[in-house]
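Q: The following file, start_4.cif, comprises mmCIF, C-alpha atoms:
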```
data_model
loop_
_atom_site.group_PDB
_atom_site.id
_atom_site.type_symbol
_atom_site.label_atom_id
_atom_site.label_comp_id
_atom_site.auth_asym_id
_atom_site.auth_seq_id
_atom_site.Cartn_x
_atom_site.Cartn_y
_atom_site.Cartn_z
ATOM 1 C CA MET A 22 17.030 -19.591 -3.985
ATOM 2 C CA SER A 23 14.735 -16.585 -3.909
ATOM 3 C CA GLY A 24 11.986 -15.951 -6.413
ATOM 4 C CA SER A 25 13.860 -12.923 -7.780
ATOM 5 C CA ASN A 26 16.786 -15.168 -8.766
ATOM 6 C CA ALA A 27 14.697 -17.923 -10.346
ATOM 7 C CA ASN A 28 15.701 -18.820 -13.884
ATOM 8 C CA PRO A 29 13.430 -18.145 -16.895
ATOM 9 C CA THR A 30 12.188 -21.722 -16.858
ATOM 10 C CA SER A 31 11.087 -21.298 -13.249
ATOM 11 C CA ALA A 32 9.350 -18.044 -14.076
ATOM 12 C CA ARG A 33 7.611 -19.725 -16.994
ATOM 13 C CA PHE A 34 6.506 -22.597 -14.760
ATOM 14 C CA GLN A 35 5.273 -20.201 -12.122
ATOM 15 C CA SER A 36 3.321 -18.191 -14.654
ATOM 16 C CA SER A 37 1.691 -21.338 -15.943
ATOM 17 C CA SER A 38 0.417 -22.625 -12.602
ATOM 18 C CA ASP A 39 -2.591 -20.334 -12.599
ATOM 19 C CA PRO A 40 -1.093 -17.047 -11.384
ATOM 20 C CA ILE A 41 -2.869 -15.201 -14.208
ATOM 21 C CA LYS A 42 -6.200 -16.085 -12.650
ATOM 22 C CA THR A 43 -4.812 -15.273 -9.207
ATOM 23 C CA SER A 44 -3.530 -11.876 -10.352
ATOM 24 C CA ALA A 45 -6.820 -11.095 -12.063
ATOM 25 C CA LYS A 46 -8.796 -11.978 -8.958
ATOM 26 C CA ARG A 47 -6.451 -9.867 -6.825
ATOM 27 C CA ALA A 48 -6.789 -6.914 -9.197
ATOM 28 C CA LEU A 49 -10.578 -7.132 -9.119
ATOM 29 C CA LYS A 50 -10.526 -7.407 -5.324
ATOM 30 C CA ASP A 51 -8.285 -4.350 -5.059
ATOM 31 C CA ARG A 52 -10.591 -2.455 -7.398
ATOM 32 C CA GLU A 53 -13.599 -3.316 -5.242
ATOM 33 C CA GLU A 54 -11.765 -2.214 -2.097
ATOM 34 C CA ARG A 55 -10.873 1.081 -3.740
ATOM 35 C CA ARG A 56 -14.468 1.655 -4.797
ATOM 36 C CA HIS A 57 -15.591 0.988 -1.234
ATOM 37 C CA SER A 58 -13.013 3.325 0.327
ATOM 38 C CA ARG A 59 -13.833 6.029 -2.236
ATOM 39 C CA GLU A 60 -17.417 5.907 -1.044
ATOM 40 C CA ASP A 61 -16.146 6.508 2.502
ATOM 41 C CA SER A 62 -13.930 9.466 1.579
ATOM 42 C CA LEU A 63 -14.532 12.517 3.754
ATOM 43 C CA SER A 64 -15.735 15.948 2.815
ATOM 44 C CA GLU A 65 -13.518 18.901 3.609
ATOM 45 C CA ARG A 66 -15.780 19.787 6.527
ATOM 46 C CA GLN A 67 -15.590 16.264 7.947
ATOM 47 C CA PHE A 68 -11.810 16.271 7.667
ATOM 48 C CA GLU A 69 -11.583 19.603 9.476
ATOM 49 C CA THR A 70 -13.804 18.172 12.226
ATOM 50 C CA LEU A 71 -11.286 15.375 12.695
ATOM 51 C CA LEU A 72 -8.428 17.845 12.927
ATOM 52 C CA ARG A 73 -10.245 19.854 15.607
ATOM 53 C CA ALA A 74 -10.916 16.628 17.506
ATOM 54 C CA THR A 75 -7.186 16.106 17.975
ATOM 55 C CA ASN A 76 -7.104 19.146 20.275
ATOM 56 C CA SER A 77 -8.805 17.030 22.947
ATOM 57 C CA MET A 78 -6.022 14.441 22.927
ATOM 58 C CA LYS A 79 -2.888 14.292 25.040
ATOM 59 C CA GLN A 80 -0.053 16.398 23.685
ATOM 60 C CA GLY A 81 2.098 13.540 22.330
ATOM 61 C CA GLN A 82 -0.883 11.706 20.898
ATOM 62 C CA LYS A 83 -2.223 14.923 19.405
ATOM 63 C CA LEU A 84 0.874 15.426 17.243
ATOM 64 C CA GLU A 85 0.876 11.781 16.168
ATOM 65 C CA ALA A 86 -2.839 11.923 15.360
ATOM 66 C CA ARG A 87 -2.527 15.102 13.279
ATOM 67 C CA MET A 88 0.482 13.627 11.528
ATOM 68 C CA ALA A 89 -1.471 10.475 10.656
ATOM 69 C CA LEU A 90 -4.420 12.533 9.404
ATOM 70 C CA PHE A 91 -2.278 14.714 7.170
ATOM 71 C CA LEU A 92 -0.138 11.875 5.840
ATOM 72 C CA ALA A 93 -3.147 9.719 4.944
ATOM 73 C CA GLY A 94 -5.862 12.309 4.335
ATOM 74 C CA LYS A 95 -3.828 14.953 2.496
ATOM 75 C CA LEU A 96 -0.803 13.148 1.048
ATOM 76 C CA GLY A 97 -2.392 9.742 0.457
ATOM 77 C CA LEU A 98 0.136 7.549 2.261
ATOM 78 C CA ARG A 99 -0.845 3.979 3.085
ATOM 79 C CA GLY A 100 -0.909 2.805 6.682
ATOM 80 C CA GLY A 101 2.248 0.749 6.241
ATOM 81 C CA GLU A 102 4.039 3.728 4.674
ATOM 82 C CA ILE A 103 3.068 5.971 7.590
ATOM 83 C CA ALA A 104 4.229 3.398 10.141
ATOM 84 C CA HIS A 105 7.652 3.079 8.488
ATOM 85 C CA LEU A 106 8.135 6.761 7.726
ATOM 86 C CA ASP A 107 11.719 7.807 8.489
ATOM 87 C CA SER A 108 13.453 11.170 8.527
ATOM 88 C CA GLU A 109 15.676 9.970 5.679
ATOM 89 C CA TRP A 110 12.585 9.796 3.482
ATOM 90 C CA ILE A 111 12.185 13.577 3.669
ATOM 91 C CA ASP A 112 13.852 15.824 1.105
ATOM 92 C CA TRP A 113 13.462 19.181 2.834
ATOM 93 C CA GLN A 114 15.003 21.100 -0.037
ATOM 94 C CA GLU A 115 12.600 19.745 -2.637
ATOM 95 C CA ARG A 116 9.759 19.508 -0.067
ATOM 96 C CA VAL A 117 8.857 15.935 -0.973
ATOM 97 C CA ILE A 118 8.510 12.606 0.818
ATOM 98 C CA GLU A 119 10.406 9.893 -1.043
ATOM 99 C CA ILE A 120 8.868 6.459 -0.516
ATOM 100 C CA PRO A 121 11.781 4.008 -1.028
ATOM 101 C CA GLU A 122 11.719 0.624 -2.719
ATOM 102 C CA HIS A 123 13.008 -0.914 0.512
ATOM 103 C CA ASP A 124 13.811 0.202 4.038
ATOM 104 C CA THR A 125 14.870 -2.055 6.883
ATOM 105 C CA CYS A 126 12.140 -2.422 9.497
ATOM 106 C CA ASN A 127 13.280 -2.316 13.124
ATOM 107 C CA LYS A 128 9.969 -1.624 14.797
ATOM 108 C CA GLY A 129 9.513 -5.015 16.425
ATOM 109 C CA VAL A 130 9.122 -5.525 20.170
ATOM 110 C CA ASN A 131 12.698 -6.770 20.489
ATOM 111 C CA PRO A 132 15.764 -5.013 19.017
ATOM 112 C CA GLY A 133 16.437 -5.992 15.422
ATOM 113 C CA GLU A 134 12.990 -7.505 14.880
ATOM 114 C CA VAL A 135 10.504 -6.423 12.249
ATOM 115 C CA CYS A 136 7.064 -5.260 13.296
ATOM 116 C CA GLY A 137 3.920 -7.376 13.286
ATOM 117 C CA TYR A 138 2.703 -5.741 10.087
ATOM 118 C CA CYS A 139 5.877 -6.771 8.248
ATOM 119 C CA ARG A 140 5.602 -10.298 9.623
ATOM 120 C CA GLN A 141 2.053 -10.514 8.295
ATOM 121 C CA CYS A 142 3.214 -9.260 4.885
ATOM 122 C CA ALA A 143 6.018 -11.841 4.837
ATOM 123 C CA VAL A 144 3.585 -14.666 5.598
ATOM 124 C CA LYS A 145 1.198 -13.360 2.944
ATOM 125 C CA GLU A 146 4.021 -13.306 0.399
ATOM 126 C CA LEU A 147 4.841 -16.924 1.174
ATOM 127 C CA LYS A 148 1.221 -18.001 0.821
ATOM 128 C CA THR A 149 0.761 -16.030 -2.394
ATOM 129 C CA ASN A 150 3.976 -16.842 -4.238
ATOM 130 C CA ASN A 151 5.252 -20.173 -2.909
ATOM 131 C CA LEU A 152 4.136 -23.294 -4.750
ATOM 132 C CA THR A 153 2.738 -26.305 -2.961
ATOM 133 C CA PHE A 154 3.884 -29.666 -4.231
ATOM 134 C CA GLN A 155 0.531 -30.224 -5.949
ATOM 135 C CA GLU A 156 0.713 -26.808 -7.629
ATOM 136 C CA ALA A 157 4.180 -27.693 -8.927
ATOM 137 C CA ILE A 158 2.790 -30.958 -10.323
ATOM 138 C CA ASP A 159 -0.101 -29.073 -11.937
ATOM 139 C CA ALA A 160 2.341 -26.582 -13.474
ATOM 140 C CA ILE A 161 4.338 -29.402 -15.046
ATOM 141 C CA HIS A 162 1.226 -30.994 -16.515
ATOM 142 C CA HIS A 163 0.123 -27.585 -17.808
ATOM 143 C CA GLU A 164 3.501 -26.723 -19.329
ATOM 144 C CA TYR A 165 4.659 -30.001 -20.842
ATOM 145 C CA SER A 166 3.146 -31.559 -23.930
ATOM 146 C CA ASP A 167 1.331 -34.876 -23.678
ATOM 147 C CA GLU A 168 4.144 -36.497 -25.630
ATOM 148 C CA ARG A 169 6.789 -35.271 -23.204
ATOM 149 C CA LEU A 170 4.720 -36.246 -20.162
ATOM 150 C CA SER A 171 4.184 -39.750 -21.495
ATOM 151 C CA ALA A 172 7.963 -40.160 -21.722
ATOM 152 C CA MET A 173 8.415 -39.236 -18.042
ATOM 153 C CA SER A 174 8.036 -41.641 -15.163
ATOM 154 C CA ASP A 175 6.213 -40.711 -11.974
ATOM 155 C CA GLU A 176 9.607 -40.384 -10.306
ATOM 156 C CA ASP A 177 10.753 -37.953 -13.021
ATOM 157 C CA ILE A 178 7.670 -35.789 -12.524
ATOM 158 C CA THR A 179 8.076 -35.849 -8.749
ATOM 159 C CA SER A 180 11.760 -34.913 -9.027
ATOM 160 C CA THR A 181 10.970 -32.087 -11.433
ATOM 161 C CA ALA A 182 8.253 -30.799 -9.114
ATOM 162 C CA HIS A 183 10.651 -30.733 -6.154
ATOM 163 C CA ARG A 184 13.261 -28.916 -8.240
ATOM 164 C CA LEU A 185 10.687 -26.380 -9.382
ATOM 165 C CA ARG A 186 9.626 -25.657 -5.810
ATOM 166 C CA ASP A 187 13.263 -25.242 -4.727
ATOM 167 C CA GLU A 188 13.881 -22.752 -7.525
ATOM 168 C CA VAL A 189 10.701 -20.719 -7.115
ATOM 169 C CA ASN A 190 9.909 -20.764 -3.406
ATOM 170 C CA ILE A 191 11.458 -18.497 -0.810
ATOM 171 C CA THR A 192 11.889 -19.031 2.914
ATOM 172 C CA TYR A 193 10.316 -17.068 5.728
ATOM 173 C CA ASP A 194 13.703 -15.526 6.564
ATOM 174 C CA GLU A 195 14.104 -14.404 2.956
ATOM 175 C CA ALA A 196 10.637 -12.849 3.009
ATOM 176 C CA ILE A 197 11.432 -11.068 6.294
ATOM 177 C CA SER A 198 14.714 -9.733 4.890
ATOM 178 C CA ARG A 199 12.721 -7.831 2.263
ATOM 179 C CA ARG A 200 10.819 -5.862 4.890
ATOM 180 C CA TRP A 201 9.912 -3.124 4.812
ATOM 181 C CA LYS A 202 8.901 -2.622 1.187
ATOM 182 C CA PRO A 203 5.925 -0.769 -0.337
ATOM 183 C CA LYS A 204 2.849 -2.552 -1.617
ATOM 184 C CA THR A 205 3.811 -2.491 -5.309
ATOM 185 C CA GLU A 206 6.727 -1.299 -7.413
ATOM 186 C CA HIS A 207 4.657 1.778 -8.310
ATOM 187 C CA SER A 208 4.405 2.653 -4.620
ATOM 188 C CA ALA A 209 8.030 3.805 -4.528
ATOM 189 C CA ARG A 210 7.407 7.446 -5.403
ATOM 190 C CA GLN A 211 7.833 11.119 -4.528
ATOM 191 C CA ILE A 212 5.000 12.975 -2.814
ATOM 192 C CA PRO A 213 5.127 16.782 -2.566
ATOM 193 C CA PHE A 214 3.907 18.263 0.714
ATOM 194 C CA ASP A 215 4.393 22.005 0.291
ATOM 195 C CA PHE A 216 0.992 22.554 -1.354
ATOM 196 C CA ASP A 217 -0.580 22.721 2.123
ATOM 197 C CA VAL A 218 1.148 24.880 4.734
ATOM 198 C CA ARG A 219 -0.442 22.993 7.641
ATOM 199 C CA VAL A 220 0.935 19.705 6.366
ATOM 200 C CA GLU A 221 4.334 21.295 5.905
ATOM 201 C CA MET A 222 4.405 22.758 9.408
ATOM 202 C CA THR A 223 3.166 19.525 11.020
ATOM 203 C CA LEU A 224 5.883 17.542 9.260
ATOM 204 C CA GLU A 225 8.522 20.012 10.410
ATOM 205 C CA ARG A 226 7.320 19.905 13.990
ATOM 206 C CA PHE A 227 7.020 16.117 13.991
ATOM 207 C CA PHE A 228 10.587 15.623 12.830
ATOM 208 C CA GLU A 229 11.854 18.194 15.315
ATOM 209 C CA GLU A 230 10.564 15.886 18.062
ATOM 210 C CA PHE A 231 10.974 12.450 16.450
ATOM 211 C CA ASP A 232 13.426 10.805 14.055
ATOM 212 C CA GLY A 233 10.524 8.997 12.440
ATOM 213 C CA TRP A 234 7.314 7.234 13.226
ATOM 214 C CA GLU A 235 8.640 5.124 16.084
ATOM 215 C CA LYS A 236 5.467 3.105 16.541
ATOM 216 C CA SER A 237 3.862 0.277 14.588
ATOM 217 C CA LYS A 238 1.051 0.278 12.043
ATOM 218 C CA SER A 239 -1.338 -0.753 14.816
ATOM 219 C CA THR A 240 -0.508 2.529 16.567
ATOM 220 C CA VAL A 241 -1.419 4.434 13.413
ATOM 221 C CA ASN A 242 -4.742 2.591 13.355
ATOM 222 C CA ARG A 243 -5.357 3.292 17.066
ATOM 223 C CA ARG A 244 -4.719 7.012 16.644
ATOM 224 C CA ILE A 245 -7.192 7.155 13.779
ATOM 225 C CA GLU A 246 -9.733 5.054 15.690
ATOM 226 C CA ARG A 247 -9.359 7.412 18.661
ATOM 227 C CA ILE A 248 -10.117 10.408 16.452
ATOM 228 C CA ALA A 249 -13.103 8.570 14.967
ATOM 229 C CA GLU A 250 -14.765 8.611 18.371
ATOM 230 C CA TYR A 251 -15.368 12.336 17.899
ATOM 231 C CA VAL A 252 -17.368 12.105 14.670
ATOM 232 C CA ASP A 253 -20.840 10.923 13.691
ATOM 233 C CA ASP A 254 -21.500 7.202 13.570
ATOM 234 C CA ASP A 255 -22.392 7.344 9.873
ATOM 235 C CA VAL A 256 -18.873 8.540 8.988
ATOM 236 C CA HIS A 257 -16.454 5.639 8.533
ATOM 237 C CA ILE A 258 -12.888 6.523 9.514
ATOM 238 C CA TYR A 259 -10.041 4.153 8.701
ATOM 239 C CA PRO A 260 -6.651 4.605 6.984
ATOM 240 C CA HIS A 261 -7.805 3.672 3.492
ATOM 241 C CA ALA A 262 -10.822 5.980 3.734
ATOM 242 C CA LEU A 263 -8.436 8.816 4.562
ATOM 243 C CA ARG A 264 -6.249 7.822 1.618
ATOM 244 C CA ALA A 265 -9.348 7.952 -0.576
ATOM 245 C CA THR A 266 -10.034 11.411 0.893
ATOM 246 C CA ALA A 267 -6.608 12.559 -0.328
ATOM 247 C CA ALA A 268 -7.242 11.125 -3.791
ATOM 248 C CA SER A 269 -10.632 12.836 -3.996
ATOM 249 C CA ALA A 270 -9.169 16.172 -2.894
ATOM 250 C CA LEU A 271 -6.308 15.952 -5.385
ATOM 251 C CA SER A 272 -8.708 15.076 -8.202
ATOM 252 C CA LYS A 273 -10.495 18.405 -7.589
ATOM 253 C CA ARG A 274 -7.296 20.259 -8.450
ATOM 254 C CA ASP A 275 -7.494 19.256 -12.130
ATOM 255 C CA VAL A 276 -4.677 16.769 -11.615
ATOM 256 C CA SER A 277 -4.296 14.448 -14.589
ATOM 257 C CA ALA A 278 -5.030 10.757 -14.206
ATOM 258 C CA TYR A 279 -1.341 9.935 -14.672
ATOM 259 C CA SER A 280 -0.233 12.465 -12.047
ATOM 260 C CA LEU A 281 -2.819 11.186 -9.588
ATOM 261 C CA MET A 282 -1.706 7.627 -10.293
ATOM 262 C CA SER A 283 1.909 8.630 -9.636
ATOM 263 C CA ILE A 284 1.224 10.480 -6.378
ATOM 264 C CA MET A 285 -0.999 7.747 -4.977
ATOM 265 C CA GLY A 286 1.295 4.914 -6.064
ATOM 266 C CA TRP A 287 -1.343 3.019 -8.038
ATOM 267 C CA SER A 288 -0.405 0.429 -10.642
ATOM 268 C CA ASP A 289 -3.763 0.750 -12.431
ATOM 269 C CA ILE A 290 -4.580 4.058 -14.094
ATOM 270 C CA ALA A 291 -8.237 3.035 -14.199
ATOM 271 C CA THR A 292 -8.395 3.718 -10.468
ATOM 272 C CA ALA A 293 -7.241 7.308 -10.984
ATOM 273 C CA ARG A 294 -9.812 7.765 -13.730
ATOM 274 C CA ILE A 295 -12.562 6.574 -11.389
ATOM 275 C CA TYR A 296 -11.703 9.370 -8.934
ATOM 276 C CA ILE A 297 -11.427 12.029 -11.608
ATOM 277 C CA SER A 298 -14.550 11.093 -13.574
ATOM 278 C CA SER A 299 -16.695 10.743 -10.446
ATOM 279 C CA ASN A 300 -15.753 14.037 -8.859
ATOM 280 C CA GLU A 301 -19.175 15.558 -8.229
ATOM 281 C CA ASP A 302 -17.755 18.625 -6.487
ATOM 282 C CA ARG A 303 -15.708 19.566 -9.515
ATOM 283 C CA ALA A 304 -18.755 19.122 -11.727
ATOM 284 C CA ALA A 305 -20.776 21.372 -9.419
ATOM 285 C CA ASP A 306 -18.043 24.033 -9.466
ATOM 286 C CA GLU A 307 -17.986 23.957 -13.255
ATOM 287 C CA ILE A 308 -21.769 24.359 -13.423
ATOM 288 C CA ARG A 309 -21.622 27.353 -11.034
ATOM 289 C CA SER A 310 -18.853 28.987 -13.062
ATOM 290 C CA LYS A 311 -20.863 28.595 -16.286
ATOM 291 C CA ASN A 312 -23.905 30.281 -14.766
ATOM 292 C CA ARG A 313 -22.335 33.308 -13.161
#
```
If you convert what's in this file into structure tokens, what do you get?

A:
Amino acid sequence: MSGSNANPTSARFQSSSDPIKTSAKRALKDREERRHSREDSLSERQFETLLRATNSMKQGQKLEARMALFLAGKLGLRGGEIAHLDSEWIDWQERVIEIPEHDTCNKGVNPGEVCGYCRQCAVKELKTNNLTFQEAIDAIHHEYSDERLSAMSDEDITSTAHRLRDEVNITYDEAISRRWKPKTEHSARQIPFDFDVRVEMTLERFFEEFDGWEKSKSTVNRRIERIAEYVDDDVHIYPHALRATAASALSKRDVSAYSLMSIMGWSDIATARIYISSNEDRAADEIRSKNR
């Protein structure tokens, strides 16, 4: 039985076996990663330097590289979202990319297989959400009163722990069947792309030649790493830094925290507020306008 079908008792058990601490630690870790990537966000000049660098690449790689730059650095897509981008995600009439809640991954080496990135996510989901036998025992001791525990034999506790694991845990095949899916439920979203004509034209050209991004997430990373060879050593180029670049650029447009949160697919509005409140360029522009 999958975790999504677990009964309320199972959910209550699972929530009592320390996931609150786990979730808090994960949230803090994500916040630290976002702070770090925000510090590595690129200036407009640095981003334009990267775009010019793609002109030195082979023709096919050039289009893929520019596509990756625009998707991450202008629209704020995550690496996994770029790798699984499909033509069906594009609403050409509304000029938006629609990130779905789920889309079947078929980017593995062999036909019908998921890609390595999705396999890693499936394994991570198992490690994060599946209970070990000891964790199930701990959950029972945490949930039940001392009086109820004293009335249970060791065999009763062991049996209950096994039942709890069967109800809560999912198999590897079940985890794989959920791939591809975005990072969080907030990541399923609509992202407009017609605010930048170069992004719009690159998307159009890309989908004239390809049905979607036919390569894996590692290819996205390699294209970005290849571009990084053309910039100064003190500039750190990686997918999340480009995503932070998009967030920083959008924050300069007087986008509200809630709109920025929606476009970027964040579950924590505090992250959007960090980008908006720390926008030094916008502060400088305001100072200049006040003194003209």

Q: For the atom pair atom CA of Ala267 of chain A and atom CA of Tyr279 of chain A, what is the interatomic distance in Å to one decimal place?

A: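 Atom CA of Ala267 of chain A sits 15.5 Å away from atom CA of Tyr279 of chain A.
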
Q: Report, in Å to a single decimal, how far apart atom CA of Ala278 of chain A and atom CA of Ile297 of chain A are.

A: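 Calculated distance between atom CA of Ile297 of chain A and atom CA of Ala278 of chain A is 7.0 Å.
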
Q: So how many Å separate atom CA of Ser108 of chain A and atom CA of Thr205 of chain A, to one decimal?

A: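 Taking atom CA of Ser108 of chain A as the start and atom CA of Thr205 of chain A as the end point, the length is 21.7 Å.
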
Q: Step by step, work through what the PyMOL selection byres ((chain A and resi 213-227) around 8) selects in the shown file, and finish by giving those residues as a list in words.

A: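 For this structure, the PyMOL selection byres ((chain A and resi 213-227) around 8) resolves to Leu84, Glu85, Arg87, Met88, Phe91, Leu92, Lys95, Leu96, Arg116, Val117, Ile118, Gln211, Ile212, Phe228, Glu229, Glu230 and Phe231 of chain A.
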
Q: Could you take the residues named above and write them with C-alpha atoms, as a tab-separated table (two decimals), keeping the file's coordinate frame?

A:
```tsv
chain	number	residue	atom	x	y	z
A	84	LEU	CA	0.87	15.43	17.24
A	85	GLU	CA	0.88	11.78	16.17
A	87	ARG	CA	-2.53	15.10	13.28
A	88	MET	CA	0.48	13.63	11.53
A	91	PHE	CA	-2.28	14.71	7.17
A	92	LEU	CA	-0.14	11.88	5.84
A	95	LYS	CA	-3.83	14.95	2.50
A	96	LEU	CA	-0.80	13.15	1.05
A	116	ARG	CA	9.76	19.51	-0.07
A	117	VAL	CA	8.86	15.94	-0.97
A	118	ILE	CA	8.51	12.61	0.82
A	211	GLN	CA	7.83	11.12	-4.53
A	212	ILE	CA	5.00	12.98	-2.81
A	228	PHE	CA	10.59	15.62	12.83
A	229	GLU	CA	11.85	18.19	15.32
A	230	GLU	CA	10.56	15.89	18.06
A	231	PHE	CA	10.97	12.45	16.45
```

Q: So that I can see what lies close to segment 140-154 of chain A, please list as a compact mmCIF listing (two decimals) with C-alpha atoms, in the coordinates of the input the residues with an atom at most 8 Å from it, counting all atoms listed in the file and leaving out residues fewer than 2 positions away in the same chain.

A:
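part_14.txt, written as the output of this step:
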```txt
# COMPACT_ATOMS: atom_id res chain seq x y z
CA VAL A 135 10.50 -6.42 12.25
CA CYS A 136 7.06 -5.26 13.30
CA GLY A 137 3.92 -7.38 13.29
CA TYR A 138 2.70 -5.74 10.09
CA GLU A 156 0.71 -26.81 -7.63
CA ALA A 157 4.18 -27.69 -8.93
CA ILE A 158 2.79 -30.96 -10.32
CA ALA A 182 8.25 -30.80 -9.11
CA HIS A 183 10.65 -30.73 -6.15
CA ARG A 186 9.63 -25.66 -5.81
CA VAL A 189 10.70 -20.72 -7.12
CA ASN A 190 9.91 -20.76 -3.41
CA ILE A 191 11.46 -18.50 -0.81
CA THR A 192 11.89 -19.03 2.91
CA TYR A 193 10.32 -17.07 5.73
CA ALA A 196 10.64 -12.85 3.01
CA ILE A 197 11.43 -11.07 6.29
CA ARG A 200 10.82 -5.86 4.89
```

Q: Rank A:Glu164, A:Asp177, A:Asp124, A:Asp289 by their smallest atom-to-atom distance to Cys139 of chain A, using all atoms listed in the file, and report the top residue only.

A: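 For Cys139 of chain A, the nearest of the candidates is A:Asp124.
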
Q: Edge lengths and centre in Å to one decimal, as AutoDock Vina command-line options, of the axis-aligned box that encloses all listed atoms of segment 177-187 of chain A with 5 Å added on every side?

A:
```
--center_x 10.5 --center_y -31.6 --center_z -8.9 --size_x 15.6 --size_y 22.7 --size_z 18.3
```

Q: Within 12 Å of (-8.1, 20.6, -4.8), all atoms listed in the file: residues as a short mmCIF file (atom, residue, chain, number, x, y, z; two decimals) with C-alpha atoms, keeping the file's coordinate frame?

A:
```
data_model
loop_
_atom_site.label_atom_id
_atom_site.label_comp_id
_atom_site.auth_asym_id
_atom_site.auth_seq_id
_atom_site.Cartn_x
_atom_site.Cartn_y
_atom_site.Cartn_z
CA SER A 64 -15.74 15.95 2.82
CA GLU A 65 -13.52 18.90 3.61
CA LYS A 95 -3.83 14.95 2.50
CA LEU A 96 -0.80 13.15 1.05
CA PHE A 216 0.99 22.55 -1.35
CA ASP A 217 -0.58 22.72 2.12
CA THR A 266 -10.03 11.41 0.89
CA ALA A 267 -6.61 12.56 -0.33
CA ALA A 268 -7.24 11.12 -3.79
CA SER A 269 -10.63 12.84 -4.00
CA ALA A 270 -9.17 16.17 -2.89
CA LEU A 271 -6.31 15.95 -5.38
CA SER A 272 -8.71 15.08 -8.20
CA LYS A 273 -10.50 18.40 -7.59
CA ARG A 274 -7.30 20.26 -8.45
CA ASP A 275 -7.49 19.26 -12.13
CA VAL A 276 -4.68 16.77 -11.62
CA LEU A 281 -2.82 11.19 -9.59
CA ILE A 297 -11.43 12.03 -11.61
CA ASN A 300 -15.75 14.04 -8.86
CA ASP A 302 -17.76 18.62 -6.49
CA ARG A 303 -15.71 19.57 -9.52
CA ASP A 306 -18.04 24.03 -9.47
#
```

Q: I need the residue nearest Arg210 of chain A from this list: A:Ser62, A:Gly94, A:Ser77, A:Glu119. Use all atoms listed in the file for the distance.

A: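 Once distances to Arg210 of chain A are computed over all atoms listed in the file, the minimum belongs to A:Glu119.
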
Q: Taking the file as shown, what set of residues would the PyMOL selection byres ((chain A and resi 82) around 12) give back, as a list in words?

A: Ala74, Thr75, Asn76, Ser77, Met78, Lys79, Gln80, Gly81, Lys83, Leu84, Glu85, Ala86, Arg87, Met88, Ala89, Phe227, Lys236, Thr240, Val241, Arg243, Arg244, Ile245, Arg247 and Ile248 of chain A

Q: From the list A:Arg99, A:Arg59, A:Arg199, A:His162, which residue is nearest Thr125 of chain A when using only C-alpha atoms?

A: A:Arg199

Q: Closest to Arg264 of chain A among A:Gly286, A:Pro121, A:Pro132, A:Pro203, using all atoms listed in the file?

A: A:Gly286

Q: Carefully work through the PyMOL selection byres ((chain A and resi 107) around 7) for this structure and note down the residues it includes, as a list in words.

A: His105, Leu106, Ser108, Glu109, Trp110, Asp232, Gly233 and Trp234 of chain A

Q: Restricting the calculation to only C-alpha atoms: of A:Met282, A:Asp194, A:Ala265, A:Tyr296, which residue gets closest to Ala93 of chain A?

A: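 Closest to Ala93 of chain A of all the choices is A:Ala265.
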
Q: Please determine, counting all atoms listed in the file, which residue among A:Leu170, A:Ile103, A:Leu90, A:Ser239 has the shortest atom-to-atom distance to Thr70 of chain A.

A: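 Of A:Leu170, A:Ile103, A:Leu90, A:Ser239, the one nearest Thr70 of chain A is A:Leu90, counting all atoms listed in the file.
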
Q: How about completing segment 121-130 of chain A with N, CA and C atoms and giving it to me as a compact mmCIF listing (two decimals), in the coordinates of the input?

A:
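And here's out-v3.txt as it stands now:
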```
# COMPACT_ATOMS: atom_id res chain seq x y z
N PRO A 121 10.73 4.83 -0.42
CA PRO A 121 11.78 4.01 -1.03
C PRO A 121 11.26 2.65 -1.48
N GLU A 122 12.06 1.97 -2.28
CA GLU A 122 11.72 0.62 -2.72
C GLU A 122 11.91 -0.38 -1.59
N HIS A 123 12.77 -0.04 -0.63
CA HIS A 123 13.01 -0.91 0.51
C HIS A 123 13.61 -0.09 1.64
N ASP A 124 13.22 -0.42 2.86
CA ASP A 124 13.81 0.20 4.04
C ASP A 124 13.74 -0.82 5.18
N THR A 125 14.83 -1.04 5.84
CA THR A 125 14.87 -2.06 6.88
C THR A 125 13.93 -1.70 8.02
N CYS A 126 13.07 -2.63 8.38
CA CYS A 126 12.14 -2.42 9.50
C CYS A 126 12.80 -2.85 10.80
N ASN A 127 12.74 -1.99 11.80
CA ASN A 127 13.28 -2.32 13.12
C ASN A 127 12.29 -1.94 14.22
N LYS A 128 11.02 -2.07 13.89
CA LYS A 128 9.97 -1.62 14.80
C LYS A 128 9.35 -2.76 15.60
N GLY A 129 10.01 -3.90 15.64
CA GLY A 129 9.51 -5.01 16.42
C GLY A 129 9.66 -4.78 17.92
N VAL A 130 9.06 -5.65 18.71
CA VAL A 130 9.12 -5.52 20.17
C VAL A 130 10.55 -5.63 20.66
```
